[in-house]
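Printed here is protein-v2.pdb (PDB, C-alpha atoms):
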```pdb
MODEL        1
ATOM      1  CA  MET A  13       0.000   0.000   0.000
ATOM      2  CA  THR A  14       1.265   3.509  -0.893
ATOM      3  CA  ASN A  15       2.440   5.600   2.049
ATOM      4  CA  PRO A  16       0.974   9.116   1.521
ATOM      5  CA  SER A  17       3.625  10.685   3.762
ATOM      6  CA  PHE A  18       6.468   9.305   1.623
ATOM      7  CA  LEU A  19       8.139  12.440   0.216
ATOM      8  CA  SER A  20      10.392  12.077  -2.803
ATOM      9  CA  VAL A  21      12.163  14.068  -5.465
ATOM     10  CA  VAL A  22      11.469  13.089  -9.065
ATOM     11  CA  ALA A  23      13.347  14.235 -12.155
ATOM     12  CA  ASP A  24      13.073  13.884 -15.919
ATOM     13  CA  LEU A  25      16.555  14.251 -17.414
ATOM     14  CA  GLY A  26      16.424  14.998 -21.139
ATOM     15  CA  GLY A  27      19.110  15.871 -23.622
ATOM     16  CA  THR A  28      18.529  19.629 -23.213
ATOM     17  CA  ASN A  29      16.614  20.265 -19.984
ATOM     18  CA  THR A  30      15.886  18.578 -16.671
ATOM     19  CA  ARG A  31      12.484  18.849 -15.004
ATOM     20  CA  VAL A  32      12.384  18.287 -11.240
ATOM     21  CA  ALA A  33       9.524  18.151  -8.727
ATOM     22  CA  LEU A  34       8.537  16.804  -5.339
ATOM     23  CA  ALA A  35       6.098  13.925  -4.959
ATOM     24  CA  GLU A  36       4.049  12.799  -1.988
ATOM     25  CA  GLY A  37       3.113   9.148  -2.012
ATOM     26  CA  GLY A  38       2.391   8.356  -5.655
ATOM     27  CA  ARG A  39       1.288  11.893  -6.475
ATOM     28  CA  MET A  40       3.563  14.411  -8.146
ATOM     29  CA  LEU A  41       3.124  17.952  -6.753
ATOM     30  CA  PRO A  42       2.735  20.239  -9.802
ATOM     31  CA  ASP A  43       3.370  23.458  -7.853
ATOM     32  CA  THR A  44       6.938  22.310  -7.112
ATOM     33  CA  ILE A  45       8.001  21.721 -10.734
ATOM     34  CA  ARG A  46      11.197  23.463 -11.791
ATOM     35  CA  ARG A  47      13.031  23.310 -15.118
ATOM     36  CA  PHE A  48      16.843  23.445 -15.375
ATOM     37  CA  SER A  49      19.064  23.948 -18.428
ATOM     38  CA  ASN A  50      21.588  21.094 -18.553
ATOM     39  CA  GLU A  51      24.311  23.192 -20.151
ATOM     40  CA  GLU A  52      24.301  25.482 -17.117
ATOM     41  CA  HIS A  53      25.087  22.622 -14.694
ATOM     42  CA  GLN A  54      27.923  20.153 -14.220
ATOM     43  CA  GLY A  55      25.661  17.145 -13.717
ATOM     44  CA  LEU A  56      22.399  15.798 -12.390
ATOM     45  CA  GLU A  57      23.581  15.780  -8.781
ATOM     46  CA  ALA A  58      24.182  19.554  -8.905
ATOM     47  CA  ILE A  59      20.657  20.100 -10.236
ATOM     48  CA  LEU A  60      19.070  17.967  -7.527
ATOM     49  CA  CYS A  61      21.044  19.684  -4.757
ATOM     50  CA  SER A  62      20.073  23.114  -6.070
ATOM     51  CA  PHE A  63      16.409  22.127  -6.266
ATOM     52  CA  LEU A  64      16.223  20.677  -2.760
ATOM     53  CA  ASP A  65      18.208  23.554  -1.233
ATOM     54  CA  THR A  66      15.865  26.098  -2.809
ATOM     55  CA  LEU A  67      12.762  24.372  -1.453
ATOM     56  CA  GLY A  68      14.377  23.391   1.841
ATOM     57  CA  ALA A  69      13.016  19.874   1.385
ATOM     58  CA  GLU A  70      14.203  16.616   2.949
ATOM     59  CA  VAL A  71      13.188  13.551   0.971
ATOM     60  CA  GLN A  72      12.995   9.824   1.617
ATOM     61  CA  GLY A  73      13.042   8.775  -2.024
ATOM     62  CA  ALA A  74      14.443   9.846  -5.393
ATOM     63  CA  CYS A  75      13.560   8.636  -8.872
ATOM     64  CA  VAL A  76      15.186   9.898 -12.061
ATOM     65  CA  ALA A  77      14.065   9.271 -15.631
ATOM     66  CA  VAL A  78      17.059   9.363 -17.963
ATOM     67  CA  ALA A  79      17.173   9.788 -21.748
ATOM     68  CA  GLY A  80      19.573   6.883 -22.172
ATOM     69  CA  PRO A  81      20.178   3.260 -21.184
ATOM     70  CA  VAL A  82      20.208   2.199 -17.522
ATOM     71  CA  ARG A  83      22.172  -0.899 -16.537
ATOM     72  CA  ASP A  84      22.813  -2.219 -13.032
ATOM     73  CA  GLY A  85      21.851   1.103 -11.437
ATOM     74  CA  VAL A  86      24.113   3.159 -13.738
ATOM     75  CA  ALA A  87      22.805   5.503 -16.439
ATOM     76  CA  ARG A  88      24.596   6.994 -19.417
ATOM     77  CA  MET A  89      22.945   9.739 -21.395
ATOM     78  CA  THR A  90      22.528   9.144 -25.117
ATOM     79  CA  ASN A  91      22.680  12.799 -26.236
ATOM     80  CA  LEU A  92      24.607  14.306 -23.299
ATOM     81  CA  ASP A  93      28.002  13.422 -21.840
ATOM     82  CA  TRP A  94      26.716  12.684 -18.332
ATOM     83  CA  GLU A  95      26.869   9.504 -16.273
ATOM     84  CA  MET A  96      25.171   8.885 -12.927
ATOM     85  CA  ASP A  97      24.335   6.057 -10.573
ATOM     86  CA  GLU A  98      21.923   5.373  -7.748
ATOM     87  CA  ARG A  99      24.598   5.808  -5.084
ATOM     88  CA  SER A 100      25.541   9.316  -6.278
ATOM     89  CA  ILE A 101      21.860  10.301  -6.371
ATOM     90  CA  SER A 102      21.371   8.990  -2.833
ATOM     91  CA  LEU A 103      24.361  11.003  -1.595
ATOM     92  CA  ALA A 104      23.153  14.170  -3.349
ATOM     93  CA  THR A 105      19.573  13.956  -2.067
ATOM     94  CA  GLY A 106      19.853  12.051   1.206
ATOM     95  CA  ALA A 107      17.202   9.631  -0.070
ATOM     96  CA  GLY A 108      17.233   6.050   1.145
ATOM     97  CA  THR A 109      15.090   4.694  -1.710
ATOM     98  CA  VAL A 110      16.497   5.509  -5.140
ATOM     99  CA  ALA A 111      15.580   4.407  -8.663
ATOM    100  CA  LEU A 112      16.965   5.164 -12.116
ATOM    101  CA  LEU A 113      14.635   4.575 -15.068
ATOM    102  CA  ASN A 114      14.945   5.035 -18.780
ATOM    103  CA  ASP A 115      12.745   8.025 -19.649
ATOM    104  CA  LEU A 116      10.356   5.924 -21.728
ATOM    105  CA  GLN A 117       9.966   3.529 -18.801
ATOM    106  CA  ALA A 118       8.873   6.499 -16.689
ATOM    107  CA  GLN A 119       6.404   7.507 -19.387
ATOM    108  CA  GLY A 120       4.994   3.985 -19.313
ATOM    109  CA  HIS A 121       4.561   4.130 -15.537
ATOM    110  CA  ALA A 122       2.697   7.434 -15.992
ATOM    111  CA  LEU A 123      -0.208   5.754 -17.788
ATOM    112  CA  GLY A 124      -3.139   5.780 -15.406
ATOM    113  CA  TYR A 125      -1.855   8.906 -13.626
ATOM    114  CA  LEU A 126      -2.518  11.334 -16.487
ATOM    115  CA  ALA A 127      -5.580  13.570 -16.658
ATOM    116  CA  GLU A 128      -8.049  12.609 -19.387
ATOM    117  CA  ASP A 129      -7.791  16.038 -21.006
ATOM    118  CA  SER A 130      -4.043  15.519 -21.489
ATOM    119  CA  LEU A 131      -4.711  12.755 -24.055
ATOM    120  CA  SER A 132      -5.688  13.723 -27.605
ATOM    121  CA  PRO A 133      -6.891  11.041 -30.053
ATOM    122  CA  VAL A 134      -4.811  10.588 -33.210
ATOM    123  CA  LEU A 135      -6.182   7.332 -34.641
ATOM    124  CA  PRO A 136      -9.100   5.171 -33.510
ATOM    125  CA  GLY A 137      -8.693   1.499 -32.681
ATOM    126  CA  LEU A 138     -10.700  -1.482 -31.534
ATOM    127  CA  PRO A 139     -11.892  -2.135 -27.952
ATOM    128  CA  ALA A 140      -9.399  -4.184 -25.936
ATOM    129  CA  ALA A 141      -9.193  -5.957 -22.584
ATOM    130  CA  PRO A 142      -8.113  -3.731 -19.647
ATOM    131  CA  ALA A 143      -4.822  -5.598 -19.223
ATOM    132  CA  SER A 144      -3.851  -5.360 -22.911
ATOM    133  CA  ALA A 145      -0.297  -4.315 -23.707
ATOM    134  CA  ARG A 146       0.342  -0.649 -24.445
ATOM    135  CA  LEU A 147       3.240   1.178 -26.057
ATOM    136  CA  VAL A 148       4.765   4.595 -25.359
ATOM    137  CA  VAL A 149       6.693   6.249 -28.195
ATOM    138  CA  GLY A 150       8.905   9.243 -27.431
ATOM    139  CA  LEU A 151       9.647  11.860 -30.094
ATOM    140  CA  GLY A 152      11.678  14.805 -28.835
ATOM    141  CA  THR A 153      15.423  15.448 -28.514
ATOM    142  CA  GLY A 154      15.714  11.757 -29.447
ATOM    143  CA  PHE A 155      13.448   8.837 -30.307
ATOM    144  CA  ASN A 156      12.593   5.730 -28.304
ATOM    145  CA  ALA A 157       9.730   3.406 -27.366
ATOM    146  CA  ALA A 158       8.811   1.071 -24.509
ATOM    147  CA  PRO A 159       6.056  -1.552 -24.126
ATOM    148  CA  VAL A 160       3.847  -1.476 -21.018
ATOM    149  CA  HIS A 161       2.484  -4.704 -19.497
ATOM    150  CA  ASP A 162       0.127  -4.885 -16.499
ATOM    151  CA  SER A 163      -0.464  -8.063 -14.491
ATOM    152  CA  SER A 164      -1.432  -9.178 -11.012
ATOM    153  CA  ALA A 165       2.259  -8.899 -10.076
ATOM    154  CA  GLY A 166       2.363  -5.220 -11.028
ATOM    155  CA  ARG A 167       3.419  -3.161 -14.018
ATOM    156  CA  LEU A 168       6.389  -4.030 -16.214
ATOM    157  CA  VAL A 169       7.744  -1.396 -18.587
ATOM    158  CA  VAL A 170      10.528  -2.805 -20.728
ATOM    159  CA  ALA A 171      13.418  -0.500 -21.644
ATOM    160  CA  SER A 172      14.806  -0.261 -25.164
ATOM    161  CA  GLU A 173      16.988   1.915 -27.377
ATOM    162  CA  CYS A 174      15.001   1.520 -30.583
ATOM    163  CA  GLY A 175      15.852   5.026 -31.770
ATOM    164  CA  HIS A 176      19.136   3.534 -32.910
ATOM    165  CA  ILE A 177      17.744   0.739 -35.070
ATOM    166  CA  THR A 178      18.091   0.953 -38.853
ATOM    167  CA  LEU A 179      16.104   3.699 -40.574
ATOM    168  CA  PRO A 180      13.534   2.080 -42.906
ATOM    169  CA  ALA A 181      13.417   3.158 -46.547
ATOM    170  CA  ARG A 182      10.055   2.664 -48.298
ATOM    171  CA  SER A 183      10.738   4.828 -51.370
ATOM    172  CA  ALA A 184      13.628   5.843 -53.625
ATOM    173  CA  GLU A 185      13.699   9.252 -51.906
ATOM    174  CA  GLU A 186      13.944   7.675 -48.449
ATOM    175  CA  LEU A 187      16.730   5.397 -49.695
ATOM    176  CA  ARG A 188      18.658   8.456 -50.894
ATOM    177  CA  LEU A 189      18.105  10.015 -47.476
ATOM    178  CA  ALA A 190      19.431   6.909 -45.725
ATOM    179  CA  ARG A 191      22.527   6.881 -47.947
ATOM    180  CA  HIS A 192      23.108  10.564 -47.145
ATOM    181  CA  ILE A 193      22.918   9.911 -43.403
ATOM    182  CA  GLU A 194      25.224   6.893 -43.732
ATOM    183  CA  ALA A 195      27.784   9.046 -45.522
ATOM    184  CA  GLU A 196      27.692  11.597 -42.691
ATOM    185  CA  HIS A 197      27.438   9.312 -39.652
ATOM    186  CA  GLY A 198      28.429   5.840 -40.837
ATOM    187  CA  PHE A 199      24.969   4.441 -40.077
ATOM    188  CA  ALA A 200      21.410   5.637 -40.707
ATOM    189  CA  ALA A 201      19.322   5.284 -37.540
ATOM    190  CA  VAL A 202      15.676   6.099 -36.904
ATOM    191  CA  GLU A 203      16.659   8.941 -34.541
ATOM    192  CA  ASP A 204      18.644  10.620 -37.330
ATOM    193  CA  VAL A 205      15.278  11.622 -38.801
ATOM    194  CA  LEU A 206      12.749  11.247 -35.976
ATOM    195  CA  SER A 207      14.014  13.822 -33.469
ATOM    196  CA  GLY A 208      14.452  17.559 -33.208
ATOM    197  CA  ARG A 209      17.909  17.508 -34.777
ATOM    198  CA  GLY A 210      16.656  14.928 -37.270
ATOM    199  CA  LEU A 211      13.904  17.285 -38.422
ATOM    200  CA  ALA A 212      16.440  20.089 -38.931
ATOM    201  CA  GLY A 213      18.793  17.742 -40.796
ATOM    202  CA  LEU A 214      15.974  16.393 -42.952
ATOM    203  CA  HIS A 215      14.913  19.908 -43.920
ATOM    204  CA  GLU A 216      18.469  20.895 -44.836
ATOM    205  CA  TRP A 217      18.931  17.718 -46.911
ATOM    206  CA  HIS A 218      15.633  18.271 -48.709
ATOM    207  CA  THR A 219      15.895  22.030 -49.298
ATOM    208  CA  GLY A 220      19.518  23.071 -48.757
ATOM    209  CA  GLU A 221      18.261  25.537 -46.127
ATOM    210  CA  ALA A 222      19.667  25.276 -42.587
ATOM    211  CA  LEU A 223      16.953  26.016 -40.017
ATOM    212  CA  SER A 224      16.443  25.111 -36.368
ATOM    213  CA  PRO A 225      13.643  22.651 -35.540
ATOM    214  CA  ALA A 226      11.511  25.525 -34.233
ATOM    215  CA  GLU A 227      12.080  27.496 -37.440
ATOM    216  CA  VAL A 228      11.082  24.480 -39.529
ATOM    217  CA  MET A 229       7.823  24.209 -37.570
ATOM    218  CA  GLU A 230       7.195  27.940 -38.037
ATOM    219  CA  ALA A 231       7.731  27.570 -41.794
ATOM    220  CA  ILE A 232       5.306  24.635 -41.891
ATOM    221  CA  ALA A 233       2.666  26.684 -40.074
ATOM    222  CA  ALA A 234       3.254  29.595 -42.453
ATOM    223  CA  GLY A 235       2.517  27.356 -45.445
ATOM    224  CA  HIS A 236       6.079  27.380 -46.811
ATOM    225  CA  GLY A 237       6.087  24.784 -49.602
ATOM    226  CA  PRO A 238       9.554  23.208 -49.060
ATOM    227  CA  ALA A 239       8.988  23.030 -45.293
ATOM    228  CA  ARG A 240       5.662  21.283 -45.815
ATOM    229  CA  GLU A 241       7.416  18.789 -48.112
ATOM    230  CA  THR A 242       9.862  18.173 -45.263
ATOM    231  CA  ALA A 243       6.904  17.581 -42.942
ATOM    232  CA  GLN A 244       5.407  15.096 -45.413
ATOM    233  CA  LEU A 245       8.660  13.103 -45.393
ATOM    234  CA  PHE A 246       8.970  13.299 -41.615
ATOM    235  CA  VAL A 247       5.409  12.178 -40.900
ATOM    236  CA  GLY A 248       5.694   9.376 -43.453
ATOM    237  CA  VAL A 249       8.769   7.941 -41.724
ATOM    238  CA  LEU A 250       7.131   8.387 -38.315
ATOM    239  CA  GLY A 251       4.002   6.514 -39.377
ATOM    240  CA  ARG A 252       5.920   3.596 -40.866
ATOM    241  CA  VAL A 253       8.245   3.243 -37.872
ATOM    242  CA  MET A 254       5.327   3.330 -35.435
ATOM    243  CA  GLY A 255       3.496   0.764 -37.563
ATOM    244  CA  ASP A 256       6.566  -1.490 -37.365
ATOM    245  CA  LEU A 257       6.698  -1.100 -33.581
ATOM    246  CA  ALA A 258       2.990  -1.889 -33.325
ATOM    247  CA  LEU A 259       3.538  -5.182 -35.139
ATOM    248  CA  VAL A 260       6.468  -6.026 -32.862
ATOM    249  CA  HIS A 261       4.666  -5.301 -29.568
ATOM    250  CA  LEU A 262       0.925  -5.714 -30.406
ATOM    251  CA  PRO A 263      -0.255  -2.853 -28.154
ATOM    252  CA  PHE A 264      -3.988  -3.510 -28.327
ATOM    253  CA  GLY A 265      -4.385  -1.195 -25.317
ATOM    254  CA  GLY A 266      -3.097   1.744 -27.354
ATOM    255  CA  ILE A 267      -0.006   3.618 -28.488
ATOM    256  CA  TYR A 268       0.887   6.819 -26.622
ATOM    257  CA  LEU A 269       2.967   9.353 -28.540
ATOM    258  CA  ILE A 270       4.912  11.697 -26.265
ATOM    259  CA  GLY A 271       7.610  14.384 -26.400
ATOM    260  CA  GLY A 272       8.046  17.970 -27.539
ATOM    261  CA  VAL A 273       8.428  17.191 -31.245
ATOM    262  CA  ALA A 274       5.393  14.880 -31.084
ATOM    263  CA  ARG A 275       3.299  17.685 -29.588
ATOM    264  CA  ALA A 276       4.559  20.150 -32.203
ATOM    265  CA  PHE A 277       3.503  17.797 -35.009
ATOM    266  CA  GLY A 278       0.200  16.877 -33.351
ATOM    267  CA  PRO A 279      -1.914  19.342 -35.397
ATOM    268  CA  TRP A 280      -0.216  18.218 -38.617
ATOM    269  CA  LEU A 281      -0.293  14.422 -38.377
ATOM    270  CA  ASP A 282      -3.573  14.109 -40.265
ATOM    271  CA  THR A 283      -2.608  16.748 -42.844
ATOM    272  CA  PHE A 284       0.615  14.994 -43.808
ATOM    273  CA  GLY A 285      -0.676  11.446 -43.956
ATOM    274  CA  PHE A 286       0.161   9.778 -40.664
ATOM    275  CA  ASP A 287      -2.867   7.491 -41.002
ATOM    276  CA  GLU A 288      -1.786   6.207 -44.433
ATOM    277  CA  ALA A 289       1.833   5.718 -43.392
ATOM    278  CA  PHE A 290       0.957   3.919 -40.151
ATOM    279  CA  HIS A 291      -1.332   1.471 -41.962
ATOM    280  CA  ASP A 292       0.984   0.983 -44.960
ATOM    281  CA  LYS A 293       1.616  -2.714 -44.312
ATOM    282  CA  GLY A 294       0.085  -4.498 -47.318
ATOM    283  CA  ARG A 295      -2.128  -7.390 -46.263
ATOM    284  CA  PHE A 296      -1.652  -6.379 -42.608
ATOM    285  CA  SER A 297      -2.997  -2.872 -43.158
ATOM    286  CA  ASP A 298      -6.413  -3.702 -41.715
ATOM    287  CA  PHE A 299      -4.788  -5.441 -38.741
ATOM    288  CA  LEU A 300      -2.983  -2.188 -37.870
ATOM    289  CA  ARG A 301      -6.410  -0.592 -37.380
ATOM    290  CA  SER A 302      -6.674  -2.552 -34.122
ATOM    291  CA  PHE A 303      -4.340  -0.131 -32.346
ATOM    292  CA  PRO A 304      -5.576   3.290 -31.176
ATOM    293  CA  VAL A 305      -3.011   6.092 -31.114
ATOM    294  CA  TRP A 306      -3.054   8.928 -28.575
ATOM    295  CA  LEU A 307      -0.983  12.087 -28.241
ATOM    296  CA  VAL A 308       0.102  12.864 -24.668
ATOM    297  CA  GLU A 309      -0.126  16.627 -24.140
ATOM    298  CA  ASP A 310       1.265  16.593 -20.570
ATOM    299  CA  ASP A 311       4.886  17.759 -20.686
ATOM    300  CA  TYR A 312       5.449  16.380 -17.178
ATOM    301  CA  ALA A 313       4.180  12.840 -17.733
ATOM    302  CA  ALA A 314       7.572  11.300 -16.867
ATOM    303  CA  LEU A 315       7.457  13.000 -13.452
ATOM    304  CA  HIS A 316       4.057  11.418 -12.782
ATOM    305  CA  GLY A 317       5.540   8.072 -13.794
ATOM    306  CA  CYS A 318       8.555   8.440 -11.515
ATOM    307  CA  ALA A 319       6.303   9.299  -8.581
ATOM    308  CA  GLY A 320       4.053   6.304  -9.183
ATOM    309  CA  TYR A 321       6.940   3.895  -9.679
ATOM    310  CA  LEU A 322       8.819   5.023  -6.575
ATOM    311  CA  ALA A 323       5.710   4.874  -4.384
ATOM    312  CA  ALA A 324       5.052   1.326  -5.580
ATOM    313  CA  VAL A 325       8.654   0.312  -4.819
ATOM    314  CA  ALA A 326       8.553   1.915  -1.369
ATOM    315  CA  GLY A 327       5.236   0.218  -0.577
ATOM    316  CA  ARG A 328       6.408  -3.291  -1.363
TER     317      ARG A 328
ENDMDL
END
```
Please lay out the structure from this file as structure tokens.
Amino acid sequence: MTNPSFLSVVADLGGTNTRVALAEGGRMLPDTIRRFSNEEHQGLEAILCSFLDTLGAEVQGACVAVAGPVRDGVARMTNLDWEMDERSISLATGAGTVALLNDLQAQGHALGYLAEDSLSPVLPGLPAAPASARLVVGLGTGFNAAPVHDSSAGRLVVASECGHITLPARSAEELRLARHIEAEHGFAAVEDVLSGRGLAGLHEWHTGEALSPAEVMEAIAAGHGPARETAQLFVGVLGRVMGDLALVHLPFGGIYLIGGVARAFGPWLDTFGFDEAFHDKGRFSDFLRSFPVWLVEDDYAALHGCAGYLAAVAGR
């Protein structure tokens, strides 16, 4: 049973920023959320110390969601040269119960804690049993996904690094793109297109114009033809990759698309053919219509997930 007096610090460590908050029991306290720029700090421990000192808080637990692989209590960032472990987090926070999660694992643990109005429908699906598998797909500074399984023994969210699998090429244009990325990086990965930097790189490859991800989105909104062609390519790759992941994991309970880039593209997914790309699987096209797709609008979902996971661990 969750202990409501269990106070913890929860953090979502991304490639650019770190979000930190306090949590009581399994409930994240929204009024305590603070955002820190990673480039202005030497490491996660410095951020956590600064946060707790500012609030004057003493915590019993700490849970950190990390944008990178976690192995044996040690985390290495994928897009940032930081490394941390549970012992260093315990020393920095004074917490006796500490957990490190991959950020997509935290997003998976957030399901069930999110407000209904933070979920926007993208594609319909078929009704499914309550315990059906679900899938969270992160599209932001990087790309990743994690399946979510609920059972009588609790929730299992399996970590992965699928942003670094081979970029699929469905057309001659996409094959040229993959060859271009291979020439630059030695290997064409999904994240080289499906991420903030990937969007900027895709636009430059397609148009010869170097823009930031935010500038690309502004050009799309302004109706700029070449930028909208970039968006068509981007959404096509996104739909096909998510369709592949759906076939791998069979998430009859739904697919949850999260992250800053995902939210930015939310209004444009229908316009640029996400539906067609997601279902583009030949004789399995109709089968793909089993899986509903949702867009998670809550930027702090990983903090909710950390709070829920840590409370469950502490209550065991």
> Gly73 in chain A: which residues within 12 Å, counting only C-alpha atoms, same-chain residues fewer than 5 positions away excluded, as an MDAnalysis selection string?
Replying inline: chainID A and resid 15 17:23 34:38 98 101:112 318:327
How would the residues just picked look written out with C-alpha atoms as a CSV table (one decimal), keeping the file's coordinate frame?
```csv
chain,number,residue,atom,x,y,z
A,15,ASN,CA,2.4,5.6,2.0
A,17,SER,CA,3.6,10.7,3.8
A,18,PHE,CA,6.5,9.3,1.6
A,19,LEU,CA,8.1,12.4,0.2
A,20,SER,CA,10.4,12.1,-2.8
A,21,VAL,CA,12.2,14.1,-5.5
A,22,VAL,CA,11.5,13.1,-9.1
A,23,ALA,CA,13.3,14.2,-12.2
A,34,LEU,CA,8.5,16.8,-5.3
A,35,ALA,CA,6.1,13.9,-5.0
A,36,GLU,CA,4.0,12.8,-2.0
A,37,GLY,CA,3.1,9.1,-2.0
A,38,GLY,CA,2.4,8.4,-5.7
A,98,GLU,CA,21.9,5.4,-7.7
A,101,ILE,CA,21.9,10.3,-6.4
A,102,SER,CA,21.4,9.0,-2.8
A,103,LEU,CA,24.4,11.0,-1.6
A,104,ALA,CA,23.2,14.2,-3.3
A,105,THR,CA,19.6,14.0,-2.1
A,106,GLY,CA,19.9,12.1,1.2
A,107,ALA,CA,17.2,9.6,-0.1
A,108,GLY,CA,17.2,6.0,1.1
A,109,THR,CA,15.1,4.7,-1.7
A,110,VAL,CA,16.5,5.5,-5.1
A,111,ALA,CA,15.6,4.4,-8.7
A,112,LEU,CA,17.0,5.2,-12.1
A,318,CYS,CA,8.6,8.4,-11.5
A,319,ALA,CA,6.3,9.3,-8.6
A,320,GLY,CA,4.1,6.3,-9.2
A,321,TYR,CA,6.9,3.9,-9.7
A,322,LEU,CA,8.8,5.0,-6.6
A,323,ALA,CA,5.7,4.9,-4.4
A,324,ALA,CA,5.1,1.3,-5.6
A,325,VAL,CA,8.7,0.3,-4.8
A,326,ALA,CA,8.6,1.9,-1.4
A,327,GLY,CA,5.2,0.2,-0.6
```
Applied to the shown file, which residues does the PyMOL selection byres ((chain A and resi 141) around 12) return, written as a PDB file with C-alpha atoms, in the coordinates of the input?
```pdb
ATOM      1  CA  LEU A 138     -10.700  -1.482 -31.534  1.00  0.00           C
ATOM      2  CA  PRO A 139     -11.892  -2.135 -27.952  1.00  0.00           C
ATOM      3  CA  ALA A 140      -9.399  -4.184 -25.936  1.00  0.00           C
ATOM      4  CA  PRO A 142      -8.113  -3.731 -19.647  1.00  0.00           C
ATOM      5  CA  ALA A 143      -4.822  -5.598 -19.223  1.00  0.00           C
ATOM      6  CA  SER A 144      -3.851  -5.360 -22.911  1.00  0.00           C
ATOM      7  CA  ALA A 145      -0.297  -4.315 -23.707  1.00  0.00           C
ATOM      8  CA  ARG A 146       0.342  -0.649 -24.445  1.00  0.00           C
ATOM      9  CA  ASP A 162       0.127  -4.885 -16.499  1.00  0.00           C
ATOM     10  CA  PRO A 263      -0.255  -2.853 -28.154  1.00  0.00           C
ATOM     11  CA  PHE A 264      -3.988  -3.510 -28.327  1.00  0.00           C
ATOM     12  CA  GLY A 265      -4.385  -1.195 -25.317  1.00  0.00           C
ATOM     13  CA  GLY A 266      -3.097   1.744 -27.354  1.00  0.00           C
TER      14      GLY A 266
END
```
>> as a list in words, please: the residues near Leu135 in chain A (cut-off 9 Å, all atoms listed in the file, same-chain neighbours under 5 positions excluded).
In response: Asp287, Arg301, Phe303, Pro304, Val305 and Trp306 of chain A
> Given the choices A:Ala171, A:Val249, A:Ala226, A:Leu187, which gets closest to Leu206 in chain A if the distance is worked out from only C-alpha atoms?
Replying inline: A:Val249
Using the chain letters and numbering of this document, enumerate as a CSV table (one decimal) with C-alpha atoms, keeping the file's coordinate frame the residues selected by the PyMOL selection byres ((chain A and resi 268) around 9).
```
chain,number,residue,atom,x,y,z
A,120,GLY,CA,5.0,4.0,-19.3
A,123,LEU,CA,-0.2,5.8,-17.8
A,131,LEU,CA,-4.7,12.8,-24.1
A,146,ARG,CA,0.3,-0.6,-24.4
A,147,LEU,CA,3.2,1.2,-26.1
A,148,VAL,CA,4.8,4.6,-25.4
A,149,VAL,CA,6.7,6.2,-28.2
A,150,GLY,CA,8.9,9.2,-27.4
A,266,GLY,CA,-3.1,1.7,-27.4
A,267,ILE,CA,0.0,3.6,-28.5
A,269,LEU,CA,3.0,9.4,-28.5
A,270,ILE,CA,4.9,11.7,-26.3
A,304,PRO,CA,-5.6,3.3,-31.2
A,305,VAL,CA,-3.0,6.1,-31.1
A,306,TRP,CA,-3.1,8.9,-28.6
A,307,LEU,CA,-1.0,12.1,-28.2
A,308,VAL,CA,0.1,12.9,-24.7
```
> CA of Ala158 in chain A and CA of Ser100 in chain A, how far apart in Å?
Replying inline: 26.1 Å
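In terms of minimum interatomic distance to Gly175 in chain A, A:Asn91 ranks closest within A:Ser130, A:Asn91, A:Thr44, A:Gln119, counting only C-alpha atoms.
Shortest separation to Ser172 in chain A among A:Glu194, A:Asp256, A:Asp115, A:Glu185 occurs at residue A:Asp115, atoms counted being all atoms listed in the file.
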> Hey, what comes out of the PyMOL selection byres ((chain A and resi 169) around 9) on this file? Could you write it as a PyMOL selection string?
Replying inline: chain A and resi 116-118+120-121+158-162+167-168+170-171
How big is the axis-aligned box, and where does its centre sit, when it encloses all atoms of range 247-254 of chain A listed in the file and has 8 Å added on every side, reported in Å to one decimal as JSON?
```
{"center_x": 6.4, "center_y": 7.7, "center_z": -39.4, "size_x": 20.8, "size_y": 24.9, "size_z": 24.0}
```
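The shortest atom-to-atom distance to Leu245 in chain A, with all atoms listed in the file taken into account, belongs to A:Leu211 out of A:Ala231, A:Cys75, A:Ala258, A:Leu211.
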